[in-house]
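So this block is target_25.txt, compact mmCIF, C-alpha atoms:
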```txt
# COMPACT_ATOMS: atom_id res chain seq x y z
CA MET A 1280 17.08 -31.18 -33.93
CA THR A 1281 15.58 -28.08 -35.46
CA PHE A 1282 12.23 -26.44 -35.37
CA ASP A 1283 9.72 -28.47 -37.38
CA TRP A 1284 6.18 -28.56 -36.14
CA LYS A 1285 4.41 -31.80 -37.13
CA TRP A 1286 0.62 -31.69 -37.22
CA ASP A 1287 0.43 -35.49 -37.71
CA PHE A 1288 2.17 -35.91 -34.41
CA VAL A 1289 -0.15 -33.38 -32.78
CA TRP A 1290 -3.24 -35.38 -33.82
CA GLU A 1291 -1.55 -38.57 -32.68
CA ILE A 1292 -0.97 -37.31 -29.14
CA ALA A 1293 -4.16 -35.23 -28.85
CA PRO A 1294 -6.30 -38.02 -27.32
CA ARG A 1295 -3.72 -38.71 -24.61
CA LEU A 1296 -3.44 -35.04 -23.78
CA ALA A 1297 -7.22 -34.68 -23.72
CA ALA A 1298 -7.49 -37.51 -21.19
CA ALA A 1299 -4.72 -35.91 -19.15
CA THR A 1300 -6.57 -32.58 -19.25
CA LEU A 1301 -9.52 -34.28 -17.59
CA ASN A 1302 -7.19 -35.58 -14.89
CA THR A 1303 -5.76 -32.11 -14.40
CA LEU A 1304 -9.26 -30.67 -14.04
CA LEU A 1305 -10.20 -33.44 -11.63
CA ALA A 1306 -7.08 -32.76 -9.56
CA ALA A 1307 -7.74 -29.02 -9.54
CA GLY A 1308 -11.42 -29.57 -8.64
CA SER A 1309 -10.83 -31.96 -5.78
CA GLY A 1310 -7.88 -29.97 -4.46
CA TYR A 1311 -10.07 -26.88 -4.52
CA ALA A 1312 -12.93 -28.62 -2.71
CA ILE A 1313 -10.57 -29.66 0.10
CA ALA A 1314 -9.06 -26.17 0.25
CA LEU A 1315 -12.49 -24.50 0.42
CA LEU A 1316 -13.69 -26.65 3.33
CA LEU A 1317 -10.40 -26.75 5.23
CA GLY A 1318 -9.89 -23.03 4.66
CA LEU A 1319 -13.27 -22.25 6.23
CA ALA A 1320 -12.52 -24.50 9.20
CA LEU A 1321 -9.13 -22.80 9.65
CA ALA A 1322 -10.66 -19.32 9.40
CA LEU A 1323 -13.31 -20.17 12.01
CA GLY A 1324 -10.70 -21.91 14.15
CA GLN A 1325 -8.89 -18.61 14.53
CA ARG A 1326 -12.00 -17.01 16.00
CA THR A 1327 -12.49 -19.19 19.08
CA ARG A 1328 -12.11 -18.13 22.69
CA TRP A 1329 -8.68 -19.73 22.96
CA PRO A 1330 -5.92 -17.30 21.99
CA ALA A 1331 -3.37 -20.15 22.04
CA LEU A 1332 -5.26 -21.96 19.27
CA THR A 1333 -5.43 -18.75 17.21
CA PHE A 1334 -1.69 -18.23 17.65
CA VAL A 1335 -0.78 -21.80 16.68
CA LEU A 1336 -3.06 -21.78 13.64
CA ARG A 1337 -1.84 -18.41 12.45
CA GLU A 1338 1.84 -19.37 12.69
CA THR A 1339 1.24 -22.75 11.03
CA LEU A 1340 -0.61 -21.16 8.13
CA GLU A 1341 2.14 -18.58 7.77
CA PHE A 1342 4.61 -21.47 7.52
CA VAL A 1343 2.49 -23.26 4.91
CA ARG A 1344 2.16 -20.09 2.85
CA SER A 1345 5.86 -19.26 2.90
CA THR A 1346 7.21 -22.63 1.80
CA PRO A 1347 7.14 -24.13 -1.72
CA LEU A 1348 4.18 -26.32 -2.63
CA VAL A 1349 6.39 -28.75 -4.52
CA LEU A 1350 8.40 -29.38 -1.34
CA GLN A 1351 5.20 -29.92 0.64
CA ILE A 1352 4.08 -32.47 -1.95
CA PHE A 1353 7.35 -34.37 -1.52
CA PHE A 1354 7.13 -34.11 2.26
CA ILE A 1355 3.63 -35.57 2.48
CA PHE A 1356 4.32 -38.25 -0.11
CA TYR A 1357 7.60 -39.51 1.38
CA VAL A 1358 7.16 -38.86 5.10
CA GLY A 1359 3.62 -40.30 5.21
CA PRO A 1360 4.73 -43.94 4.76
CA GLN A 1361 7.43 -43.53 7.43
CA VAL A 1362 4.85 -42.69 10.05
CA GLY A 1363 2.63 -45.51 8.84
CA ILE A 1364 0.36 -43.70 6.38
CA THR A 1365 0.99 -44.91 2.85
CA LEU A 1366 -0.60 -42.54 0.42
CA SER A 1367 -1.15 -42.95 -3.29
CA PRO A 1368 0.30 -40.10 -5.41
CA TRP A 1369 -3.21 -38.81 -6.01
CA VAL A 1370 -4.17 -38.70 -2.33
CA ALA A 1371 -0.84 -37.19 -1.26
CA GLY A 1372 -1.08 -34.60 -4.02
CA MET A 1373 -4.65 -33.63 -3.17
CA MET A 1374 -3.73 -33.33 0.52
CA ALA A 1375 -0.74 -31.09 -0.27
CA ILE A 1376 -2.66 -28.84 -2.65
CA GLY A 1377 -5.67 -28.75 -0.34
CA LEU A 1378 -3.55 -27.83 2.66
CA HIS A 1379 -1.45 -25.27 0.80
CA TYR A 1380 -4.40 -23.43 -0.65
CA SER A 1381 -6.51 -23.68 2.50
CA ALA A 1382 -3.87 -21.43 4.07
CA TYR A 1383 -4.58 -18.82 1.40
CA LEU A 1384 -8.35 -19.33 1.41
CA SER A 1385 -8.57 -19.00 5.19
CA GLU A 1386 -7.27 -15.43 4.72
CA VAL A 1387 -9.93 -14.79 2.08
CA TYR A 1388 -12.65 -16.03 4.43
CA ARG A 1389 -11.17 -14.05 7.32
CA ALA A 1390 -11.32 -10.82 5.30
CA GLY A 1391 -14.90 -11.66 4.31
CA ILE A 1392 -15.97 -12.32 7.91
CA GLU A 1393 -14.28 -9.15 9.12
CA SER A 1394 -16.14 -7.13 6.49
CA VAL A 1395 -19.50 -7.99 8.08
CA PRO A 1396 -20.56 -4.85 9.99
CA LYS A 1397 -20.34 -4.92 13.78
CA GLY A 1398 -24.03 -4.07 14.01
CA GLN A 1399 -24.91 -7.46 12.53
CA TRP A 1400 -23.05 -9.24 15.32
CA GLU A 1401 -24.67 -7.05 17.94
CA ALA A 1402 -28.11 -7.67 16.48
CA CYS A 1403 -27.50 -11.43 16.69
CA ARG A 1404 -26.51 -11.12 20.31
CA ALA A 1405 -29.55 -8.94 21.02
CA LEU A 1406 -31.76 -11.60 19.45
CA ASN A 1407 -30.11 -14.22 21.66
CA MET A 1408 -28.87 -16.27 18.72
CA THR A 1409 -26.43 -19.08 19.37
CA THR A 1410 -22.91 -18.72 17.98
CA ARG A 1411 -23.70 -21.45 15.50
CA ASP A 1412 -26.79 -19.66 14.22
CA THR A 1413 -24.97 -16.35 14.14
CA TYR A 1414 -22.37 -17.77 11.78
CA ALA A 1415 -24.59 -20.05 9.75
CA ARG A 1416 -27.52 -17.69 9.23
CA ILE A 1417 -26.18 -14.16 9.49
CA VAL A 1418 -22.42 -13.83 9.17
CA LEU A 1419 -21.38 -16.41 6.57
CA PRO A 1420 -24.18 -15.61 4.09
CA GLN A 1421 -22.86 -12.04 4.06
CA ALA A 1422 -19.16 -12.92 4.25
CA VAL A 1423 -19.00 -15.52 1.48
CA PRO A 1424 -20.21 -13.27 -1.40
CA GLN A 1425 -17.52 -10.78 -0.36
CA ALA A 1426 -14.96 -13.56 -0.57
CA ILE A 1427 -16.00 -14.96 -3.96
CA PRO A 1428 -13.57 -12.98 -6.16
CA GLY A 1429 -10.66 -14.04 -3.97
CA MET A 1430 -11.89 -17.62 -4.01
CA GLY A 1431 -12.09 -17.53 -7.80
CA ASN A 1432 -8.54 -16.29 -8.17
CA TYR A 1433 -7.26 -19.19 -6.10
CA LEU A 1434 -9.21 -21.65 -8.26
CA VAL A 1435 -7.16 -20.43 -11.22
CA GLY A 1436 -4.07 -20.59 -9.01
CA ILE A 1437 -4.69 -24.22 -8.06
CA PHE A 1438 -5.31 -25.13 -11.68
CA LYS A 1439 -1.94 -23.67 -12.64
CA ASP A 1440 -0.15 -25.43 -9.79
CA THR A 1441 -1.39 -28.92 -10.68
CA PRO A 1442 1.65 -29.60 -12.95
CA MET A 1443 3.66 -29.90 -9.75
CA LEU A 1444 1.81 -33.15 -9.08
CA SER A 1445 3.86 -34.67 -11.90
CA VAL A 1446 6.84 -34.85 -9.52
CA ILE A 1447 5.25 -37.72 -7.61
CA GLY A 1448 3.82 -39.33 -10.75
CA VAL A 1449 0.20 -38.18 -10.94
CA THR A 1450 -0.69 -38.56 -14.61
CA GLU A 1451 -1.89 -35.05 -15.25
CA LEU A 1452 -0.95 -32.91 -18.26
CA MET A 1453 2.69 -32.26 -17.42
CA GLN A 1454 3.42 -35.87 -16.57
CA THR A 1455 1.76 -37.02 -19.81
CA ALA A 1456 3.78 -34.50 -21.83
CA ASN A 1457 6.96 -35.72 -20.12
CA ALA A 1458 6.05 -39.31 -20.93
CA ILE A 1459 5.31 -38.51 -24.59
CA GLY A 1460 8.58 -36.58 -24.80
CA SER A 1461 10.68 -39.40 -23.44
CA GLU A 1462 8.97 -42.01 -25.63
CA THR A 1463 9.27 -40.10 -28.90
CA TYR A 1464 12.13 -37.65 -28.24
CA ARG A 1465 9.82 -34.87 -29.40
CA PHE A 1466 9.30 -32.15 -26.83
CA LEU A 1467 8.19 -29.26 -29.04
CA GLU A 1468 4.59 -30.36 -29.62
CA PRO A 1469 3.70 -31.86 -26.20
CA TYR A 1470 5.11 -28.99 -24.12
CA THR A 1471 3.69 -26.33 -26.46
CA LEU A 1472 0.27 -27.99 -26.43
CA VAL A 1473 0.29 -28.17 -22.64
CA GLY A 1474 0.97 -24.43 -22.58
CA VAL A 1475 -1.84 -23.78 -25.07
CA ILE A 1476 -4.28 -25.94 -23.09
CA PHE A 1477 -3.46 -24.06 -19.90
CA LEU A 1478 -3.94 -20.72 -21.62
CA ALA A 1479 -7.19 -21.83 -23.23
CA LEU A 1480 -8.60 -22.88 -19.87
CA SER A 1481 -7.21 -20.30 -17.47
CA LEU A 1482 -7.81 -17.12 -19.49
CA PRO A 1483 -11.59 -17.63 -19.80
CA THR A 1484 -11.81 -18.69 -16.15
CA ALA A 1485 -9.93 -15.59 -15.04
CA GLY A 1486 -12.25 -13.52 -17.24
CA LEU A 1487 -15.29 -15.16 -15.65
CA VAL A 1488 -13.97 -14.43 -12.17
CA ARG A 1489 -13.53 -10.75 -13.11
CA LEU A 1490 -17.07 -10.65 -14.50
CA LEU A 1491 -18.46 -12.32 -11.38
CA GLU A 1492 -16.61 -9.78 -9.27
CA ARG A 1493 -18.22 -6.88 -11.16
CA VAL A 1494 -21.69 -8.42 -10.94
CA LEU A 1495 -21.30 -9.05 -7.21
CA ARG A 1496 -20.01 -5.53 -6.61
CA ARG A 1497 -23.16 -4.15 -8.18
CA LYS A 1498 -25.45 -6.57 -6.36
CA LEU A 1499 -23.89 -5.87 -3.00
CA GLY A 1500 -24.03 -2.15 -3.69
CA MET A 1501 -20.28 -1.58 -3.34
CA MET B 1223 18.65 -34.68 13.85
CA TRP B 1224 22.00 -33.36 15.07
CA ASP B 1225 23.86 -36.17 13.27
CA PHE B 1226 21.85 -35.43 10.17
CA LEU B 1227 22.86 -31.78 10.16
CA GLN B 1228 26.49 -32.65 10.85
CA THR B 1229 26.59 -35.05 7.94
CA TYR B 1230 24.58 -33.11 5.39
CA GLY B 1231 24.84 -29.52 6.67
CA GLY B 1232 27.52 -28.67 4.11
CA ARG B 1233 25.53 -29.85 1.14
CA ILE B 1234 22.38 -28.19 2.44
CA ALA B 1235 24.31 -24.92 2.83
CA GLU B 1236 25.56 -25.22 -0.76
CA GLY B 1237 22.03 -25.81 -1.97
CA THR B 1238 20.79 -22.83 0.02
CA ALA B 1239 23.46 -20.66 -1.61
CA VAL B 1240 22.28 -21.75 -5.07
CA THR B 1241 18.68 -20.99 -4.05
CA GLY B 1242 19.86 -17.56 -2.88
CA ALA B 1243 21.61 -16.91 -6.21
CA GLN B 1244 18.53 -18.03 -8.15
CA PHE B 1245 16.40 -15.78 -5.97
CA GLY B 1246 18.62 -12.72 -6.51
CA LEU B 1247 18.94 -13.14 -10.27
CA ALA B 1248 15.26 -14.01 -10.74
CA THR B 1249 14.32 -10.91 -8.73
CA ALA B 1250 16.41 -8.74 -11.05
CA VAL B 1251 14.77 -10.32 -14.13
CA ALA B 1252 11.32 -9.94 -12.57
CA LEU B 1253 11.85 -6.26 -11.73
CA LEU B 1254 13.07 -5.39 -15.22
CA ALA B 1255 10.33 -7.40 -16.93
CA ALA B 1256 7.64 -5.94 -14.64
CA LEU B 1257 8.79 -2.38 -15.20
CA ALA B 1258 9.03 -2.82 -18.97
CA ALA B 1259 5.69 -4.59 -19.29
CA GLY B 1260 3.92 -2.37 -16.74
CA LEU B 1261 4.99 0.78 -18.59
CA GLY B 1262 4.38 -0.94 -21.93
CA ARG B 1263 0.75 -1.59 -21.01
CA LEU B 1264 0.30 2.15 -20.43
CA SER B 1265 1.97 3.13 -23.70
CA ASP B 1266 0.26 5.33 -26.28
CA HIS B 1267 1.43 3.06 -29.08
CA TRP B 1268 -0.74 0.04 -29.62
CA PRO B 1269 2.01 -2.38 -30.78
CA VAL B 1270 3.85 -1.76 -27.50
CA ARG B 1271 0.63 -2.27 -25.54
CA ALA B 1272 -0.15 -5.44 -27.46
CA ALA B 1273 3.32 -6.88 -26.89
CA ALA B 1274 3.20 -6.13 -23.16
CA THR B 1275 -0.32 -7.57 -22.81
CA THR B 1276 0.65 -10.73 -24.69
CA TYR B 1277 3.64 -11.27 -22.41
CA VAL B 1278 1.57 -10.74 -19.26
CA GLU B 1279 -1.33 -12.96 -20.34
CA ILE B 1280 0.88 -15.81 -21.55
CA PHE B 1281 3.00 -15.91 -18.41
CA ARG B 1282 0.07 -15.45 -16.04
CA GLY B 1283 -2.14 -17.86 -17.94
CA THR B 1284 0.17 -20.87 -17.84
CA SER B 1285 2.09 -22.65 -15.11
CA LEU B 1286 5.60 -21.77 -14.06
CA LEU B 1287 6.57 -25.42 -14.46
CA VAL B 1288 5.29 -25.46 -18.05
CA GLN B 1289 7.24 -22.28 -18.80
CA LEU B 1290 10.37 -23.70 -17.22
CA TYR B 1291 10.21 -26.91 -19.25
CA TRP B 1292 9.38 -25.01 -22.41
CA ILE B 1293 12.31 -22.62 -22.00
CA PHE B 1294 14.69 -25.43 -21.09
CA TYR B 1295 13.59 -28.19 -23.50
CA VAL B 1296 11.87 -26.44 -26.41
CA LEU B 1297 13.79 -23.18 -26.87
CA PRO B 1298 16.93 -25.11 -27.95
CA LEU B 1299 14.92 -26.33 -30.98
CA PHE B 1300 14.71 -22.69 -32.02
CA GLY B 1301 18.45 -22.36 -31.68
CA ILE B 1302 18.45 -20.79 -28.20
CA SER B 1303 20.20 -23.17 -25.81
CA LEU B 1304 20.40 -21.94 -22.25
CA PRO B 1305 22.34 -23.61 -19.44
CA LYS B 1306 19.97 -24.95 -16.79
CA PHE B 1307 21.03 -22.34 -14.22
CA THR B 1308 20.16 -19.50 -16.62
CA ALA B 1309 16.97 -21.16 -17.83
CA GLY B 1310 15.97 -21.51 -14.17
CA PHE B 1311 16.21 -17.94 -12.96
CA LEU B 1312 15.03 -16.59 -16.33
CA SER B 1313 11.79 -18.62 -16.20
CA VAL B 1314 11.07 -17.77 -12.58
CA GLY B 1315 11.87 -14.10 -13.19
CA LEU B 1316 9.72 -13.83 -16.32
CA ASN B 1317 6.83 -15.60 -14.61
CA VAL B 1318 6.87 -13.36 -11.54
CA GLY B 1319 7.54 -10.31 -13.72
CA ALA B 1320 4.18 -10.83 -15.43
CA TYR B 1321 2.42 -10.59 -12.07
CA GLY B 1322 4.66 -7.67 -11.13
CA ALA B 1323 3.69 -5.83 -14.32
CA GLU B 1324 0.13 -5.54 -13.01
CA ILE B 1325 1.43 -4.11 -9.74
CA VAL B 1326 3.58 -1.58 -11.62
CA ARG B 1327 0.67 -0.59 -13.85
CA GLY B 1328 -1.77 -0.30 -10.94
CA SER B 1329 0.53 1.80 -8.80
CA ILE B 1330 1.44 4.17 -11.64
CA LEU B 1331 -2.27 4.70 -12.28
CA SER B 1332 -2.91 5.40 -8.61
CA VAL B 1333 -0.46 8.31 -8.41
CA PRO B 1334 -2.88 11.24 -7.94
CA ARG B 1335 -3.96 13.10 -11.09
CA GLY B 1336 -2.72 16.40 -9.69
CA GLN B 1337 0.85 15.13 -9.83
CA TRP B 1338 0.53 14.35 -13.55
CA GLU B 1339 -1.06 17.72 -14.20
CA ALA B 1340 1.53 19.63 -12.19
CA ALA B 1341 4.36 17.94 -14.11
CA TYR B 1342 2.55 18.81 -17.33
CA ALA B 1343 2.10 22.42 -16.20
CA LEU B 1344 5.84 22.65 -15.54
CA SER B 1345 6.25 21.45 -19.13
CA MET B 1346 8.29 18.43 -18.19
CA SER B 1347 8.92 15.96 -20.98
CA PRO B 1348 6.97 12.67 -20.61
CA LEU B 1349 10.22 10.85 -19.83
CA LYS B 1350 11.24 13.30 -17.15
CA ARG B 1351 7.73 13.34 -15.69
CA MET B 1352 7.78 9.57 -15.38
CA ARG B 1353 11.29 9.41 -13.97
CA ARG B 1354 11.20 12.34 -11.54
CA ILE B 1355 7.57 12.60 -10.48
CA ILE B 1356 5.46 9.51 -11.14
CA LEU B 1357 7.79 6.53 -10.68
CA PRO B 1358 9.23 7.56 -7.29
CA GLN B 1359 5.70 7.89 -5.88
CA ALA B 1360 4.49 4.74 -7.61
CA PHE B 1361 7.49 2.90 -6.22
CA VAL B 1362 6.35 3.52 -2.63
CA LEU B 1363 2.87 2.27 -3.49
CA MET B 1364 4.12 -0.92 -5.10
CA LEU B 1365 6.48 -2.01 -2.32
CA PRO B 1366 3.97 -3.85 -0.08
CA PRO B 1367 2.55 -6.04 -2.89
CA TRP B 1368 6.09 -6.70 -4.13
CA GLY B 1369 6.91 -8.05 -0.67
CA ASN B 1370 4.30 -10.77 -1.12
CA LEU B 1371 5.36 -11.40 -4.70
CA LEU B 1372 8.98 -11.94 -3.66
CA ILE B 1373 7.85 -14.70 -1.28
CA GLU B 1374 6.04 -16.30 -4.24
CA LEU B 1375 9.25 -15.89 -6.25
CA LEU B 1376 11.31 -17.64 -3.57
CA LYS B 1377 8.81 -20.52 -3.59
CA GLY B 1378 8.96 -20.56 -7.38
CA THR B 1379 12.73 -21.07 -7.36
CA ALA B 1380 12.17 -24.51 -5.81
CA LEU B 1381 10.95 -25.69 -9.22
CA VAL B 1382 14.33 -25.14 -10.88
CA ALA B 1383 15.44 -28.33 -9.12
CA LEU B 1384 13.24 -30.20 -11.61
CA ILE B 1385 15.50 -29.23 -14.53
CA GLY B 1386 18.54 -30.21 -12.48
CA VAL B 1387 19.74 -26.97 -10.88
CA ALA B 1388 21.39 -28.05 -7.60
CA ASP B 1389 19.39 -25.77 -5.31
CA LEU B 1390 18.06 -26.45 -1.81
CA MET B 1391 15.11 -28.44 -3.13
CA PHE B 1392 17.42 -30.53 -5.33
CA VAL B 1393 19.76 -31.31 -2.42
CA ALA B 1394 16.82 -32.31 -0.21
CA LYS B 1395 15.56 -34.64 -2.96
CA GLN B 1396 19.01 -36.15 -3.40
CA ILE B 1397 19.50 -36.78 0.32
CA ASN B 1398 16.04 -38.34 0.48
CA GLY B 1399 16.87 -40.55 -2.50
CA SER B 1400 20.10 -41.87 -1.04
CA THR B 1401 19.22 -42.15 2.65
CA PHE B 1402 15.40 -42.28 2.92
CA LEU B 1403 15.66 -39.77 5.76
CA SER B 1404 12.60 -38.05 4.24
CA ALA B 1405 11.37 -36.20 7.31
CA GLU B 1406 14.83 -34.78 8.07
CA ALA B 1407 15.72 -33.91 4.48
CA PHE B 1408 12.44 -32.30 3.41
CA GLY B 1409 11.73 -30.93 6.90
CA THR B 1410 15.07 -29.10 7.04
CA ALA B 1411 14.49 -27.66 3.57
CA LEU B 1412 10.99 -26.48 4.54
CA VAL B 1413 12.35 -24.73 7.63
CA ILE B 1414 15.13 -23.05 5.63
CA TYR B 1415 12.65 -21.76 3.02
CA TYR B 1416 10.47 -20.46 5.85
CA LEU B 1417 13.39 -18.70 7.51
CA LEU B 1418 14.54 -17.16 4.21
CA ALA B 1419 11.05 -15.78 3.69
CA ARG B 1420 10.30 -14.62 7.24
CA VAL B 1421 13.71 -13.65 8.58
CA LEU B 1422 15.30 -12.20 5.45
CA ILE B 1423 12.80 -11.15 2.76
CA THR B 1424 9.88 -9.81 4.81
CA PRO B 1425 11.94 -7.68 7.26
CA ALA B 1426 14.12 -6.38 4.41
CA MET B 1427 11.02 -5.27 2.49
CA ARG B 1428 9.58 -3.63 5.63
CA ARG B 1429 12.79 -1.68 6.12
CA LEU B 1430 12.78 -0.62 2.47
CA GLU B 1431 9.15 0.50 2.77
CA ARG B 1432 9.96 2.63 5.80
CA SER B 1433 13.04 4.24 4.30
CA MET B 1434 11.28 5.00 1.01
CA ALA B 1435 8.34 6.55 2.85
CA ARG B 1436 10.74 8.68 4.88
CA ARG B 1437 12.56 9.87 1.77
CA LEU B 1438 9.32 11.09 0.28
CA GLY B 1439 8.51 12.79 3.57
CA ARG B 1440 5.56 10.57 4.41
CA ALA B 1441 6.71 8.83 7.54
```
Take the structure I supplied and represent it as structure tokens, if you would.
Amino acid sequence: MTFDWKWDFVWEIAPRLAAATLNTLLAAGSGYAIALLLGLALALGQRTRWPALTFVLRETLEFVRSTPLVLQIFFIFYVGPQVGITLSPWVAGMMAIGLHYSAYLSEVYRAGIESVPKGQWEACRALNMTTRDTYARIVLPQAVPQAIPGMGNYLVGIFKDTPMLSVIGVTELMQTANAIGSETYRFLEPYTLVGVIFLALSLPTAGLVRLLERVLRRKLGM
Amino acid sequence: MWDFLQTYGGRIAEGTAVTGAQFGLATAVALLAALAAGLGRLSDHWPVRAAATTYVEIFRGTSLLVQLYWIFYVLPLFGISLPKFTAGFLSVGLNVGAYGAEIVRGSILSVPRGQWEAAYALSMSPLKRMRRIILPQAFVLMLPPWGNLLIELLKGTALVALIGVADLMFVAKQINGSTFLSAEAFGTALVIYYLLARVLITPAMRRLERSMARRLGRA
């Protein structure tokens, strides 16, 4: 086979790839939502009065960060049923991505929380605020804007890692391109289009994150 | 667990060796690509800058898996057929190199201005200035972020299993497929990746950081 780009074929597969793009975005969005919430819980969990809990969480997150996501996806998908939890590819994939990125996001939150000046904490104590109020009303509203650029970068990161879900059969972009390739024996157009779609979506998002970072810097007077 | 390791330990060790080879070769590719693109982005000539920027944006803007499949399945249509082993470390290396290029660029720019001016005042040629004055100092600055990037690179090598390179990930998948010992197979692989990252890569980078800092008289 030689290089011959066929536009007819491109238009023929475009609707399938468009549908798959929606699935990819859905996967990235829901994985991100899980990672944002779990990451916050894990960051706060490291700030309790129990040093043992902090230690266990920190080591676990280190483990999650240092091992390949694709292996974690396999682990959750195949080991789940053996301990009695049968997961659909979608659920297993979202759990793996959510867990993997929560380990990164917890660090982003941690840095944000640590950037809140000590005086703010002392003022809360002086005002007799509960721990809950201190976090919910004083610390997090100041910590989260600090963390937004980091959070944005990981959104792009999650988006680019969704092709790994194809290994357990989630019908996102990569899986659809594989399917088209094996049905038609044409790999040039599907794989190239997948690359173009990723570029077209991730470059503007990365640009937006940079813009947001600049705007926030100015607003927060940094 | 003990039986499992006795039965499959050999194959897992072979897979780990392939992962190690992929890691080493991909690191070499990544370093070269990062240095070339990082310097290219600082070039005075716009075609060089444009080429370097295009490389960085394309490889950072798409997924490693997409790049891997493209290099392995589509490049042959252009007459460039690579064996899967080569396609594997080349893709991983080029992908990580694009991230590394930004580190190279950033650390070159953060070498203090006085150093550039002093080299200029001594009428060093641009090449000599870069090689003798700027790069050695930039190198120290870029080591800590490279430590993190190498962990990402190690994780990236797991994807080469998907084009059939018989690395650790591939062996774990195969054992799972034939025995359904999923927890043992994938669990062992996870632990080995963790140990490679935490017992080999991170301490090695720390040692390199210390010895480089000492050589520049900053320890």
Item to check | Proximal residues of chain A relative to chain B (only C-alpha atoms; 7 Å) as a ChimeraX atom specification | outcome: /A:1280-1282,1342,1345-1347,1350,1354,1357-1358,1439-1440,1442,1466-1467,1470,1474,1477-1478,1481-1482
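Only residues having an atom at most 6 Å from (-7.2, -18.3, 7.5) are included; using all atoms listed in the file, these are Leu1321, Ala1322, Ala1382, Ser1385, Glu1386 and Arg1389 of chain A.
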Item to check | Interatomic distance, atom CA of Ile1302 of chain B to atom CA of Ala1272 of chain B (Å, one decimal) | outcome: 24.1 Å
Item to check | Point-to-point distance from atom CA of Phe1361 of chain B to atom CA of Asp1266 of chain B, Å rounded to tenths | outcome: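 Taking atom CA of Phe1361 of chain B and atom CA of Asp1266 of chain B, their separation equals 21.5 Å.
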Checklist entry - By how many Å are atom CA of Thr1401 of chain B and atom CA of Ala1383 of chain B apart? => result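 Those two atoms sit 18.5 Å apart.
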Next on the checklist: Taking only C-alpha atoms into account, name the residue in A:Leu1305, A:Leu1323, A:Val1343, A:Leu1366 that is nearest to Glu1393 of chain A.
Outcome noted: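 Selected residue with least distance to Glu1393 of chain A: A:Leu1323.
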Checklist entry - Nearest to Gln1359 of chain B: which of B:Ala1250, B:Trp1338, B:Ser1400, B:Ala1259 is it, counting all atoms listed in the file? => result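 Ranked by minimum distance to Gln1359 of chain B, first place goes to B:Trp1338.
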Would you list the contacts of segment 1239-1243 of chain B as an mmCIF file with C-alpha atoms, in the coordinates of the input, taking every protein, DNA or RNA residue within 7 Å and counting only C-alpha atoms, but skipping same-chain residues closer than 5 positions in sequence?
```
data_model
loop_
_atom_site.group_PDB
_atom_site.id
_atom_site.type_symbol
_atom_site.label_atom_id
_atom_site.label_comp_id
_atom_site.auth_asym_id
_atom_site.auth_seq_id
_atom_site.Cartn_x
_atom_site.Cartn_y
_atom_site.Cartn_z
ATOM 1 C CA THR B 1379 12.730 -21.070 -7.360
ATOM 2 C CA ALA B 1388 21.390 -28.050 -7.600
ATOM 3 C CA ASP B 1389 19.390 -25.770 -5.310
ATOM 4 C CA LEU B 1390 18.060 -26.450 -1.810
#
```
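Using all atoms listed in the file, the nearest neighbour of Gln1454 of chain A within the list A:Thr1441, A:Ser1394, A:Gln1325, A:Gln1361 is A:Thr1441.
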Item to check | Non-local contacts of Cys1403 of chain A (10 Å; only C-alpha atoms; under 5 positions in same chain excluded) as a ChimeraX atom specification | outcome: /A:1398,1408-1410,1412-1414,1416-1418
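Comparing A:Tyr1464, A:Trp1400, A:Tyr1380, A:Phe1438 by their smallest distance to Ala1314 of chain A, the closest is A:Tyr1380 (using only C-alpha atoms).
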Checklist entry - Do you know which residues are at most 12 Å from Gly1359 of chain A counting all atoms listed in the file, after dropping those on the same chain fewer than 4 positions away, and could you put them as a VMD selection string? => result (chain A and resid 1351 to 1355 1363 to 1368 1370 to 1372 1374 to 1375) or (chain B and resid 1404 to 1405)
Could you model N, CA and C atoms for segment 1282-1289 of chain B and present them as a short mmCIF file (atom, residue, chain, number, x, y, z; two decimals), keeping the file's coordinate frame?
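New file rebuild04.cif:
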```cif
data_model
loop_
_atom_site.label_atom_id
_atom_site.label_comp_id
_atom_site.auth_asym_id
_atom_site.auth_seq_id
_atom_site.Cartn_x
_atom_site.Cartn_y
_atom_site.Cartn_z
N ARG B 1282 0.99 -15.27 -17.17
CA ARG B 1282 0.07 -15.45 -16.04
C ARG B 1282 -0.93 -16.55 -16.32
N GLY B 1283 -1.12 -16.88 -17.60
CA GLY B 1283 -2.14 -17.86 -17.94
C GLY B 1283 -1.64 -19.30 -17.93
N THR B 1284 -0.33 -19.50 -17.88
CA THR B 1284 0.17 -20.87 -17.84
C THR B 1284 0.98 -21.08 -16.57
N SER B 1285 1.39 -22.33 -16.35
CA SER B 1285 2.09 -22.65 -15.11
C SER B 1285 3.57 -22.35 -15.22
N LEU B 1286 4.16 -21.99 -14.10
CA LEU B 1286 5.60 -21.77 -14.06
C LEU B 1286 6.34 -23.02 -14.53
N LEU B 1287 5.88 -24.18 -14.10
CA LEU B 1287 6.57 -25.42 -14.46
C LEU B 1287 6.54 -25.64 -15.98
N VAL B 1288 5.40 -25.33 -16.60
CA VAL B 1288 5.29 -25.46 -18.05
C VAL B 1288 6.27 -24.51 -18.73
N GLN B 1289 6.33 -23.26 -18.23
CA GLN B 1289 7.24 -22.28 -18.80
C GLN B 1289 8.69 -22.72 -18.65
#
```
